[in-house]
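> Dropping the structure in here first, questions after.
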Amino acid sequence: MEILRFLLGVLLPYAAVAVFLAGISYRIYTWKKLASPAMTLFPSPPTEAANRRNAVAEALLFRSLFRGDRVLWVMAWSFHAVLALILVGHLRVLANVDAVLLRLGMTEPEIQAMSGGTGGAAGIVIAVTALLLLLRRAAVPRVREISGLADYSILLPIAAILTTGNPMRFGAEHFDLGLTRAYFAALAGFSGAGRLAALDNGLFLIHMSLAFALIALMPFSKLLHLGGIFFTHQLVRKH
Amino acid sequence: MATATLDQSEKHINGAQARSAVRQGIEAIRKGPRALRMYMETCAHCGTCASVCPAYYARPEKHYNPVERSDLIRRVYKKHCTPSGRLLGRLAGAESLDGADLERWAQMFYECTGCRRCAMYCPFGIDNSVVTRKGRALMDKIGLTPAAMQKVVRISLETGNTDGASDAAFRAAIEFLLEEMRDEHGVEIPIPVDVVGAEYFYVPPSGDVLVNPEATMGVAKVFYVLGMSDKWTMSSQCFDGANYGLFTGNDEDMKRDNKRYVDEAKRLGAKVLLMGECGHAHRIMKMMMEKQRWWGELPFQIANCLQWTAGLIRSGALRFDPSRNLQPVTFHDPCNFARSCGISEEPRAILRTACADFREMHPNREENWCCGGGGLSALDDIREFRMSVSGKKKLGQIRETGAEYVATACSNCKRQLTQLMEHHRETVAVGGVHDMLSRAILVNGKAAERRDYT
C-alpha cells in the first residue's frame with residue numbers, strides 16, 4: 001500500500017507533468033520547424049491579425065463546425081467548454097483560490113454556492129455530453145464506420161475520471177478541501193506528499209491518478225487535437 | 001512524363017518493392033510539409049467532412065468517407081512515425097501497410113474530386129484534398145495513376161496542351177472564331193497570335209478554344225470594344241492552362257508543365273498573364289507558382305479574365321443588351337475559383353449584367369457543392385461514379401434553380417456538367433461566363449446577330 005501511495009500519489013504526478021510538457025513542446029517544436037510552403041489554400045481574412053483572430057475564434061467557438069454540423073456542435077462545444085470550466089474549477093482544489101475570490105468581494109457562502117452549483121452542474125453536463133458523443137459515435141453510420149479502437153479506448157479513462165470525480169462531490173466520500181490543498185502544496189514543494197492524509201481517500205487517489213495519466217497521454221493520443229486546433233486553421237487560410 | 005520509379009518488368013502492384021516505396025513516401029511526411037503532418041496528428045474522427053462531401057452525400061459508403069480515405073495514409077503514418085503507434089498499434093489508430101491493397105488505394109484516391117468542401121467545415125480546417133493529393137503522388141510513384149490521367153499528363157508535357165492539338169489545329173480553330181465573329185458583328189474582331197511585345201497574354205484552357213470557344217470570342221470582343229486589339233495575344237504553343245500534375249500529385253510534372261507557360265510569357269514580353277476560365281490553372285499560377293517563386297521574380301503580373309472583365313463592367317467601360325440572354329441562367333462556382341482563389345463576385349458581376357434572369361443556386365460561393373468532376377472529369381472509366389454519385393447533389397441544386405443555362409468558369413466543371421445533364425436527360429445548357437458576355441456585349445452599339453447557339 002505504501003508503495004502504491006508513492007507510485008500514484010507522488011511519482012505519477014511529477015512524471016505525468018514532465019511527460020506532458022516534454023511531449024507537447026516536442027510536438028509544437030516539430031510542427032513549427034517544418035516547412036509550410038507559401039501556398040494559398042483558402043484566401044485568408046484580409047489581414048494577418050484578422051487571420052489570427054479567426055484561428056482563435058475557431059479554437060474557442062468551433063465556428064467551422066457550427067456551420068457544418070449544428071447537432072455535433074452543441075454536443076462537442078458543450079463538452080469542451082464544460083471541460084475547460086471544470087479545469088478552472090479544479091484550481092480551487094489545488095490552491096487557496098478562495099482568498100483571491102474573497103478579496104474580489106465574494107462572500108464565503110457565495111463561493112460555496114458557486115463551487116457547489118456550477119461545479120456540480122458541470123459534473124453532470126460533462127457526463128451527459130460525453131455519453132451523447134459516445135452514442136453518436138456508435139449510432140451515426142458515417143461516424144461509426146470510421147471509429148476504431150483508439151476512438152473508443154480514449155473514452156475509458158475519461159469515463160473513469162468522471163465516475164470517480166462526481167461521487168466526491170455528490171456522494172458519501174466527499175473530498176476534503178483542506179487535505180487536498182495540503183497535499184498539492186506538498187507536491188509543489190517536493191516535501192513528503194506521500195504521507196499526507198488526502199491519499200487515504202481511495203476515490204481521490206484513483207481519480208487523481210487517472211487524471212494525471214490522461215494528461216501524460218495527451219501528446220501521444222488523439223487528444224492531441226487540443227494542440228493542433230490552434231495551428232491548423234492558419235495553415236489553410238493564407239494570403 | 002511521370003517518372004515511374006519502377007521498371008515495367010519489376011512492377012508488382014502489391015509487391016514488396018511497391019509497398020516499400022509507398023511506406024517511404026508516408027514516412028517522409030514526418031519532414032513536412034507542416035499542414036500534411038498536422039493533418040496526420042490532429043483528426044478527431046468526428047465525421048463532419050462526410051456530411052458535406054458530395055460523393056458521400058449521394059452514396060454513404062465507407063470507402064467514400066473522407067476520413068476513411070485519409071486514414072489509409074494516417075494509419076500507416078502512425079504505425080511508423082509515432083511512438084504510440086509503434087507501441088500500441090490499433091489502440092493508437094495505427095496499422096501496418098502489409099495488409100493494404102494498393103490497387104484499392106489507387107481507386108479510393110481517385111474517388112475524391114479534391115473540391116475541398118470538407119475543409120470549410122472541419123473543426124480543425126483539415127483539408128482532405130491535401131491528403132488525397134499525397135495519396136495520388138504515392139500511387140503515381142508505383143505506376144498506379146489511372147492510364148487516362150497519365151496519358152493527359154504525357155500529352156500535355158509533349159505538346160503543351162492537354163488535347164494534343166497541333167499548331168495547325170489551333171490556328172484553324174482561331175480562324176473559325178474570327179469567321180463567327182465576322183458573321184455576328186459584321187466587323188473584323190482580331191484574335192492576335194504569337195505577338196511579341198503584346199501587353200496581355202491570354203491563356204485559356206484548351207477547351208475554350210477547341211470545345212466551347214465562345215468564351216474566347218467574349219474575351220476578344222472585350223479587347224476590341226476597348227480599342228485594345230493590338231495589345232493582347234494568344235500563343236500557338238501555349239493555349240492551354242490546364243495542368244494535370246495537380247491532379248496526379250506529381251509536383252515535377254506540374255512544374256514542368258507550368259514552366260513552359262511562364263517561359264512563353266517571358267518570351268512574349270507580356271506585362272499581364274491573363275488566365276482564362278480555368279480554376280486550377282489560375283490557382284497554380286497565382287496561388288502556387290507566384291507565391292512560392294518557382295521561377296523567381298516574374299516580369300509580369302497574373303490576373304484572371306473574370307477579374308479583368310468584372311472590373312471593366314464596374315467602371316462602365318462595357319455595354320450590354322441583356323435581352324440577348326433571356327433564359328434563366330445560374331452560376332456554378334468552380335471550387336478552385338471560389339474556395340481556393342476567392343474569385344466569386346466577379347463572375348456574378350458579369351452574368352448579372354449580361355443576362356436578364358440570373359439566379360443563384362444554394363448554397364453558393366465558397367460553400368458551393370462540387371460539380372462532381374474536378375480533376376476526375378477526364379476519366380471516362382469512372383463516368384458512372386461521376387454521374388450517379390459525385391454529381392448527384394449538383395444535379396439537384398441545378399434543378400432547383402429552374403435555370404436553362406448553367407454558366408461556370410472551368411473546363412472540368414463544364415465537361416462534368418454537360419455529361420451530367422445528358423445522363424439525367426435534362427435540357428439545361430452548360431457553358432462559360434464569357435459565353436454569355438459574348439452574346440450580349442455591344443460591339444459598335446450592337447449585340448451579336450445570331451440565330452441559335454448549340
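By convention in this document, the chains of the C-alpha cells carry letters A, B, ... by their order, each chain's residues are numbered from 1, and ligands are numbered from 1 in the order they are shown.
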Write out as number ranges by chain each polymer residue whose atoms come within 6 Å of range 310-316 of chain B, counting only C-alpha atoms; drop sequence neighbours fewer than 4 positions from it.

B: 306, 346, 349-350

> Just to be explicit: take each residue in the selection above, keep all heavy atoms, and write the result as a PDB file, in the first residue's frame.


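Output saved as part.pdb:
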```pdb
ATOM      1  N   LEU B 306     -11.847  36.877 -65.489  1.00  0.00           N
ATOM      2  CA  LEU B 306     -13.084  37.196 -64.765  1.00  0.00           C
ATOM      3  C   LEU B 306     -12.914  38.502 -63.992  1.00  0.00           C
ATOM      4  O   LEU B 306     -13.787  39.363 -63.992  1.00  0.00           O
ATOM      5  CB  LEU B 306     -13.438  36.062 -63.796  1.00  0.00           C
ATOM      6  CG  LEU B 306     -13.794  34.704 -64.410  1.00  0.00           C
ATOM      7  CD1 LEU B 306     -13.791  33.629 -63.339  1.00  0.00           C
ATOM      8  CD2 LEU B 306     -15.143  34.765 -65.110  1.00  0.00           C
ATOM      9  N   GLU B 346     -16.850  38.240 -59.059  1.00  0.00           N
ATOM     10  CA  GLU B 346     -16.553  38.694 -60.423  1.00  0.00           C
ATOM     11  C   GLU B 346     -17.431  38.021 -61.483  1.00  0.00           C
ATOM     12  O   GLU B 346     -18.043  38.718 -62.300  1.00  0.00           O
ATOM     13  CB  GLU B 346     -15.066  38.497 -60.732  1.00  0.00           C
ATOM     14  CG  GLU B 346     -14.131  39.416 -59.934  1.00  0.00           C
ATOM     15  CD  GLU B 346     -13.780  38.881 -58.552  1.00  0.00           C
ATOM     16  OE1 GLU B 346     -14.437  37.921 -58.091  1.00  0.00           O
ATOM     17  OE2 GLU B 346     -12.849  39.417 -57.937  1.00  0.00           O
ATOM     18  N   ALA B 349     -20.850  39.450 -61.303  1.00  0.00           N
ATOM     19  CA  ALA B 349     -20.957  40.805 -61.848  1.00  0.00           C
ATOM     20  C   ALA B 349     -21.146  40.736 -63.358  1.00  0.00           C
ATOM     21  O   ALA B 349     -21.947  41.489 -63.940  1.00  0.00           O
ATOM     22  CB  ALA B 349     -19.698  41.606 -61.501  1.00  0.00           C
ATOM     23  N   ILE B 350     -20.442  39.818 -64.010  1.00  0.00           N
ATOM     24  CA  ILE B 350     -20.550  39.685 -65.465  1.00  0.00           C
ATOM     25  C   ILE B 350     -21.932  39.135 -65.844  1.00  0.00           C
ATOM     26  O   ILE B 350     -22.614  39.676 -66.717  1.00  0.00           O
ATOM     27  CB  ILE B 350     -19.440  38.757 -66.007  1.00  0.00           C
ATOM     28  CG1 ILE B 350     -18.058  39.358 -65.713  1.00  0.00           C
ATOM     29  CG2 ILE B 350     -19.615  38.515 -67.511  1.00  0.00           C
ATOM     30  CD1 ILE B 350     -16.904  38.412 -65.972  1.00  0.00           C
TER      31      ILE B 350
END
```

> Compile the residues of chain A that lie within 8 Å of chain B, evaluated using only C-alpha atoms, and express the compilation as a PDB file with N, CA and C atoms, in the first residue's frame.


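Contents of out.pdb, as written:
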```pdb
ATOM      1  N   TRP A  31       6.210  20.809 -35.292  1.00  0.00           N
ATOM      2  CA  TRP A  31       5.257  21.443 -36.209  1.00  0.00           C
ATOM      3  C   TRP A  31       5.805  22.767 -36.727  1.00  0.00           C
ATOM      4  N   LYS A  32       6.291  23.565 -35.769  1.00  0.00           N
ATOM      5  CA  LYS A  32       6.760  24.903 -36.133  1.00  0.00           C
ATOM      6  C   LYS A  32       7.983  24.835 -37.039  1.00  0.00           C
ATOM      7  N   LEU A  34       8.743  22.565 -39.241  1.00  0.00           N
ATOM      8  CA  LEU A  34       8.503  22.051 -40.589  1.00  0.00           C
ATOM      9  C   LEU A  34       8.172  23.165 -41.569  1.00  0.00           C
ATOM     10  N   ALA A  35       8.598  22.946 -42.799  1.00  0.00           N
ATOM     11  CA  ALA A  35       8.320  23.931 -43.837  1.00  0.00           C
ATOM     12  C   ALA A  35       6.823  23.992 -44.117  1.00  0.00           C
ATOM     13  N   SER A  36       6.335  25.195 -44.301  1.00  0.00           N
ATOM     14  CA  SER A  36       4.948  25.385 -44.708  1.00  0.00           C
ATOM     15  C   SER A  36       4.978  26.258 -45.944  1.00  0.00           C
ATOM     16  N   PRO A  37       4.957  25.624 -47.128  1.00  0.00           N
ATOM     17  CA  PRO A  37       5.154  26.377 -48.368  1.00  0.00           C
ATOM     18  C   PRO A  37       4.184  27.541 -48.489  1.00  0.00           C
ATOM     19  N   ALA A  38       4.682  28.627 -49.039  1.00  0.00           N
ATOM     20  CA  ALA A  38       3.825  29.790 -49.254  1.00  0.00           C
ATOM     21  C   ALA A  38       2.837  29.455 -50.349  1.00  0.00           C
ATOM     22  N   MET A  39       1.766  28.809 -49.973  1.00  0.00           N
ATOM     23  CA  MET A  39       0.790  28.396 -50.961  1.00  0.00           C
ATOM     24  C   MET A  39      -0.584  28.719 -50.402  1.00  0.00           C
ATOM     25  N   THR A  40      -1.358  29.461 -51.160  1.00  0.00           N
ATOM     26  CA  THR A  40      -2.672  29.810 -50.657  1.00  0.00           C
ATOM     27  C   THR A  40      -3.640  28.664 -50.874  1.00  0.00           C
ATOM     28  N   LEU A  41      -4.247  28.207 -49.792  1.00  0.00           N
ATOM     29  CA  LEU A  41      -5.258  27.168 -49.917  1.00  0.00           C
ATOM     30  C   LEU A  41      -6.627  27.836 -49.966  1.00  0.00           C
ATOM     31  N   PHE A  42      -7.017  28.426 -48.850  1.00  0.00           N
ATOM     32  CA  PHE A  42      -8.167  29.327 -48.871  1.00  0.00           C
ATOM     33  C   PHE A  42      -7.618  30.735 -48.720  1.00  0.00           C
ATOM     34  N   PRO A  43      -8.243  31.683 -49.393  1.00  0.00           N
ATOM     35  CA  PRO A  43      -7.863  33.063 -49.100  1.00  0.00           C
ATOM     36  C   PRO A  43      -8.171  33.345 -47.633  1.00  0.00           C
ATOM     37  N   GLU A  58     -11.999  30.129 -33.917  1.00  0.00           N
ATOM     38  CA  GLU A  58     -12.248  28.734 -34.275  1.00  0.00           C
ATOM     39  C   GLU A  58     -11.960  27.822 -33.088  1.00  0.00           C
ATOM     40  N   PHE A  62     -15.468  26.888 -32.215  1.00  0.00           N
ATOM     41  CA  PHE A  62     -15.693  25.852 -33.237  1.00  0.00           C
ATOM     42  C   PHE A  62     -16.596  26.381 -34.352  1.00  0.00           C
ATOM     43  N   ARG A  63     -16.201  27.529 -34.925  1.00  0.00           N
ATOM     44  CA  ARG A  63     -17.059  28.191 -35.914  1.00  0.00           C
ATOM     45  C   ARG A  63     -17.339  27.347 -37.156  1.00  0.00           C
ATOM     46  N   SER A  64     -16.287  26.707 -37.691  1.00  0.00           N
ATOM     47  CA  SER A  64     -16.485  25.898 -38.902  1.00  0.00           C
ATOM     48  C   SER A  64     -17.469  24.771 -38.630  1.00  0.00           C
ATOM     49  N   LEU A  65     -17.304  24.147 -37.481  1.00  0.00           N
ATOM     50  CA  LEU A  65     -18.194  23.046 -37.118  1.00  0.00           C
ATOM     51  C   LEU A  65     -19.630  23.545 -36.967  1.00  0.00           C
ATOM     52  N   PHE A  66     -19.761  24.755 -36.446  1.00  0.00           N
ATOM     53  CA  PHE A  66     -21.093  25.345 -36.268  1.00  0.00           C
ATOM     54  C   PHE A  66     -21.820  25.420 -37.612  1.00  0.00           C
ATOM     55  N   ARG A  67     -21.073  25.795 -38.654  1.00  0.00           N
ATOM     56  CA  ARG A  67     -21.690  25.865 -39.983  1.00  0.00           C
ATOM     57  C   ARG A  67     -21.917  24.481 -40.577  1.00  0.00           C
ATOM     58  N   GLY A  68     -21.066  23.535 -40.196  1.00  0.00           N
ATOM     59  CA  GLY A  68     -21.103  22.224 -40.832  1.00  0.00           C
ATOM     60  C   GLY A  68     -22.091  21.244 -40.214  1.00  0.00           C
ATOM     61  N   ASP A  69     -22.121  21.182 -38.878  1.00  0.00           N
ATOM     62  CA  ASP A  69     -22.960  20.179 -38.218  1.00  0.00           C
ATOM     63  C   ASP A  69     -23.419  20.743 -36.872  1.00  0.00           C
ATOM     64  N   ARG A 137     -21.208   8.453 -31.792  1.00  0.00           N
ATOM     65  CA  ARG A 137     -20.153   7.682 -32.445  1.00  0.00           C
ATOM     66  C   ARG A 137     -20.626   6.268 -32.764  1.00  0.00           C
ATOM     67  N   ARG A 142     -21.890   7.343 -40.456  1.00  0.00           N
ATOM     68  CA  ARG A 142     -20.688   7.953 -41.006  1.00  0.00           C
ATOM     69  C   ARG A 142     -19.604   8.121 -39.949  1.00  0.00           C
ATOM     70  N   VAL A 143     -20.005   8.137 -38.669  1.00  0.00           N
ATOM     71  CA  VAL A 143     -19.021   8.240 -37.600  1.00  0.00           C
ATOM     72  C   VAL A 143     -18.620   6.837 -37.128  1.00  0.00           C
ATOM     73  N   GLU A 145     -18.492   4.074 -38.789  1.00  0.00           N
ATOM     74  CA  GLU A 145     -17.630   3.331 -39.716  1.00  0.00           C
ATOM     75  C   GLU A 145     -16.179   3.811 -39.699  1.00  0.00           C
ATOM     76  N   ILE A 146     -15.925   4.999 -39.184  1.00  0.00           N
ATOM     77  CA  ILE A 146     -14.532   5.469 -39.140  1.00  0.00           C
ATOM     78  C   ILE A 146     -13.971   5.409 -37.728  1.00  0.00           C
ATOM     79  N   SER A 147     -14.768   4.893 -36.793  1.00  0.00           N
ATOM     80  CA  SER A 147     -14.307   4.844 -35.409  1.00  0.00           C
ATOM     81  C   SER A 147     -13.574   3.537 -35.141  1.00  0.00           C
ATOM     82  N   GLY A 148     -12.414   3.667 -34.539  1.00  0.00           N
ATOM     83  CA  GLY A 148     -11.623   2.476 -34.230  1.00  0.00           C
ATOM     84  C   GLY A 148     -11.388   2.358 -32.740  1.00  0.00           C
ATOM     85  N   LEU A 149     -10.555   1.398 -32.421  1.00  0.00           N
ATOM     86  CA  LEU A 149     -10.208   1.154 -31.028  1.00  0.00           C
ATOM     87  C   LEU A 149      -9.706   2.433 -30.346  1.00  0.00           C
ATOM     88  N   ALA A 150      -8.924   3.206 -31.083  1.00  0.00           N
ATOM     89  CA  ALA A 150      -8.334   4.407 -30.495  1.00  0.00           C
ATOM     90  C   ALA A 150      -9.403   5.416 -30.091  1.00  0.00           C
ATOM     91  N   ASP A 151     -10.490   5.462 -30.872  1.00  0.00           N
ATOM     92  CA  ASP A 151     -11.540   6.439 -30.578  1.00  0.00           C
ATOM     93  C   ASP A 151     -12.354   6.044 -29.351  1.00  0.00           C
ATOM     94  N   SER A 153     -11.257   3.667 -26.952  1.00  0.00           N
ATOM     95  CA  SER A 153     -10.444   3.384 -25.767  1.00  0.00           C
ATOM     96  C   SER A 153     -10.102   4.659 -24.993  1.00  0.00           C
ATOM     97  N   PHE A 220       0.315  12.077 -27.049  1.00  0.00           N
ATOM     98  CA  PHE A 220       0.576  10.848 -27.792  1.00  0.00           C
ATOM     99  C   PHE A 220      -0.699  10.134 -28.224  1.00  0.00           C
ATOM    100  N   SER A 221      -1.820  10.796 -28.132  1.00  0.00           N
ATOM    101  CA  SER A 221      -3.069  10.137 -28.485  1.00  0.00           C
ATOM    102  C   SER A 221      -3.897  11.090 -29.335  1.00  0.00           C
ATOM    103  N   LYS A 222      -5.119  10.694 -29.617  1.00  0.00           N
ATOM    104  CA  LYS A 222      -5.966  11.566 -30.424  1.00  0.00           C
ATOM    105  C   LYS A 222      -6.335  12.849 -29.676  1.00  0.00           C
ATOM    106  N   LEU A 223      -6.047  12.879 -28.370  1.00  0.00           N
ATOM    107  CA  LEU A 223      -6.293  14.118 -27.610  1.00  0.00           C
ATOM    108  C   LEU A 223      -5.408  15.256 -28.101  1.00  0.00           C
ATOM    109  N   LEU A 224      -4.404  14.877 -28.906  1.00  0.00           N
ATOM    110  CA  LEU A 224      -3.503  15.892 -29.441  1.00  0.00           C
ATOM    111  C   LEU A 224      -4.248  16.943 -30.263  1.00  0.00           C
ATOM    112  N   HIS A 225      -5.488  16.655 -30.626  1.00  0.00           N
ATOM    113  CA  HIS A 225      -6.224  17.669 -31.393  1.00  0.00           C
ATOM    114  C   HIS A 225      -6.387  18.955 -30.598  1.00  0.00           C
ATOM    115  N   GLY A 228      -3.403  20.769 -31.836  1.00  0.00           N
ATOM    116  CA  GLY A 228      -3.448  21.038 -33.273  1.00  0.00           C
ATOM    117  C   GLY A 228      -4.363  22.181 -33.656  1.00  0.00           C
ATOM    118  N   ILE A 229      -5.492  22.280 -32.957  1.00  0.00           N
ATOM    119  CA  ILE A 229      -6.514  23.231 -33.391  1.00  0.00           C
ATOM    120  C   ILE A 229      -6.023  24.680 -33.387  1.00  0.00           C
ATOM    121  N   THR A 232      -3.872  24.633 -37.036  1.00  0.00           N
ATOM    122  CA  THR A 232      -4.298  24.141 -38.341  1.00  0.00           C
ATOM    123  C   THR A 232      -5.129  25.152 -39.131  1.00  0.00           C
ATOM    124  N   HIS A 233      -5.917  25.950 -38.456  1.00  0.00           N
ATOM    125  CA  HIS A 233      -6.756  26.877 -39.213  1.00  0.00           C
ATOM    126  C   HIS A 233      -5.928  27.910 -39.962  1.00  0.00           C
ATOM    127  N   LEU A 235      -3.097  27.328 -41.201  1.00  0.00           N
ATOM    128  CA  LEU A 235      -2.378  26.683 -42.297  1.00  0.00           C
ATOM    129  C   LEU A 235      -3.210  26.670 -43.558  1.00  0.00           C
ATOM    130  N   VAL A 236      -4.515  26.692 -43.373  1.00  0.00           N
ATOM    131  CA  VAL A 236      -5.391  26.538 -44.518  1.00  0.00           C
ATOM    132  C   VAL A 236      -5.816  27.901 -45.062  1.00  0.00           C
TER     133      VAL A 236
END
```

> Within 10 Å of Gly123 in chain A, counting only C-alpha atoms, which residues qualify if same-chain residues fewer than 6 places away don't, as a PyMOL selection string?

chain A and resi 82-83+85-86+117+162-163+165-167+169-170

> Pull the alpha helix (DSSP H) assignments for range 57-265 of chain B out of DSSP run on the backbone, and list those residues as a ChimeraX atom specification.

/B:57-58,66-81,83-88,102-109,117-121,128-141,147-159,167-185,207-210,214-225,245-248,251-265

> Please provide as a compact mmCIF listing (two decimals) with N, CA and C atoms, in the first residue's frame all residues within 9 Å of Gly207 in chain B, with the sequence filter that same-chain residues fewer than 5 positions apart are discarded (counting only C-alpha atoms).


```
# COMPACT_ATOMS: atom_id res chain seq x y z
N ASP B 163 -5.02 18.43 -75.06
CA ASP B 163 -5.71 17.75 -76.14
C ASP B 163 -4.75 17.20 -77.18
N ASN B 212 -15.61 24.70 -76.34
CA ASN B 212 -16.60 25.76 -76.07
C ASN B 212 -15.96 27.12 -76.35
N PRO B 213 -15.73 27.43 -77.63
CA PRO B 213 -14.87 28.59 -77.93
C PRO B 213 -15.53 29.95 -77.71
N ASP B 240 -3.22 26.37 -73.48
CA ASP B 240 -3.97 25.50 -72.57
C ASP B 240 -3.38 25.57 -71.16
N SER B 411 -13.17 24.30 -67.36
CA SER B 411 -13.41 23.28 -68.39
C SER B 411 -13.79 21.93 -67.78
```

> Report, in Å with one decimal, the straight-line distance from CA of Trp105 in chain B to CA of Met254 in chain B.

22.1 Å

> Report the distance between CA of Lys79 in chain B and CA of Arg19 in chain B in Å, rounded to one decimal place.

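About the pair CA of Lys79 in chain B and CA of Arg19 in chain B: they are 14.4 Å apart.
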
> Report the distance between CA of Arg144 in chain A and CA of Ala127 in chain A in Å, rounded to one decimal place.

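Computed distance, CA of Arg144 in chain A to CA of Ala127 in chain A, equals 20.4 Å.
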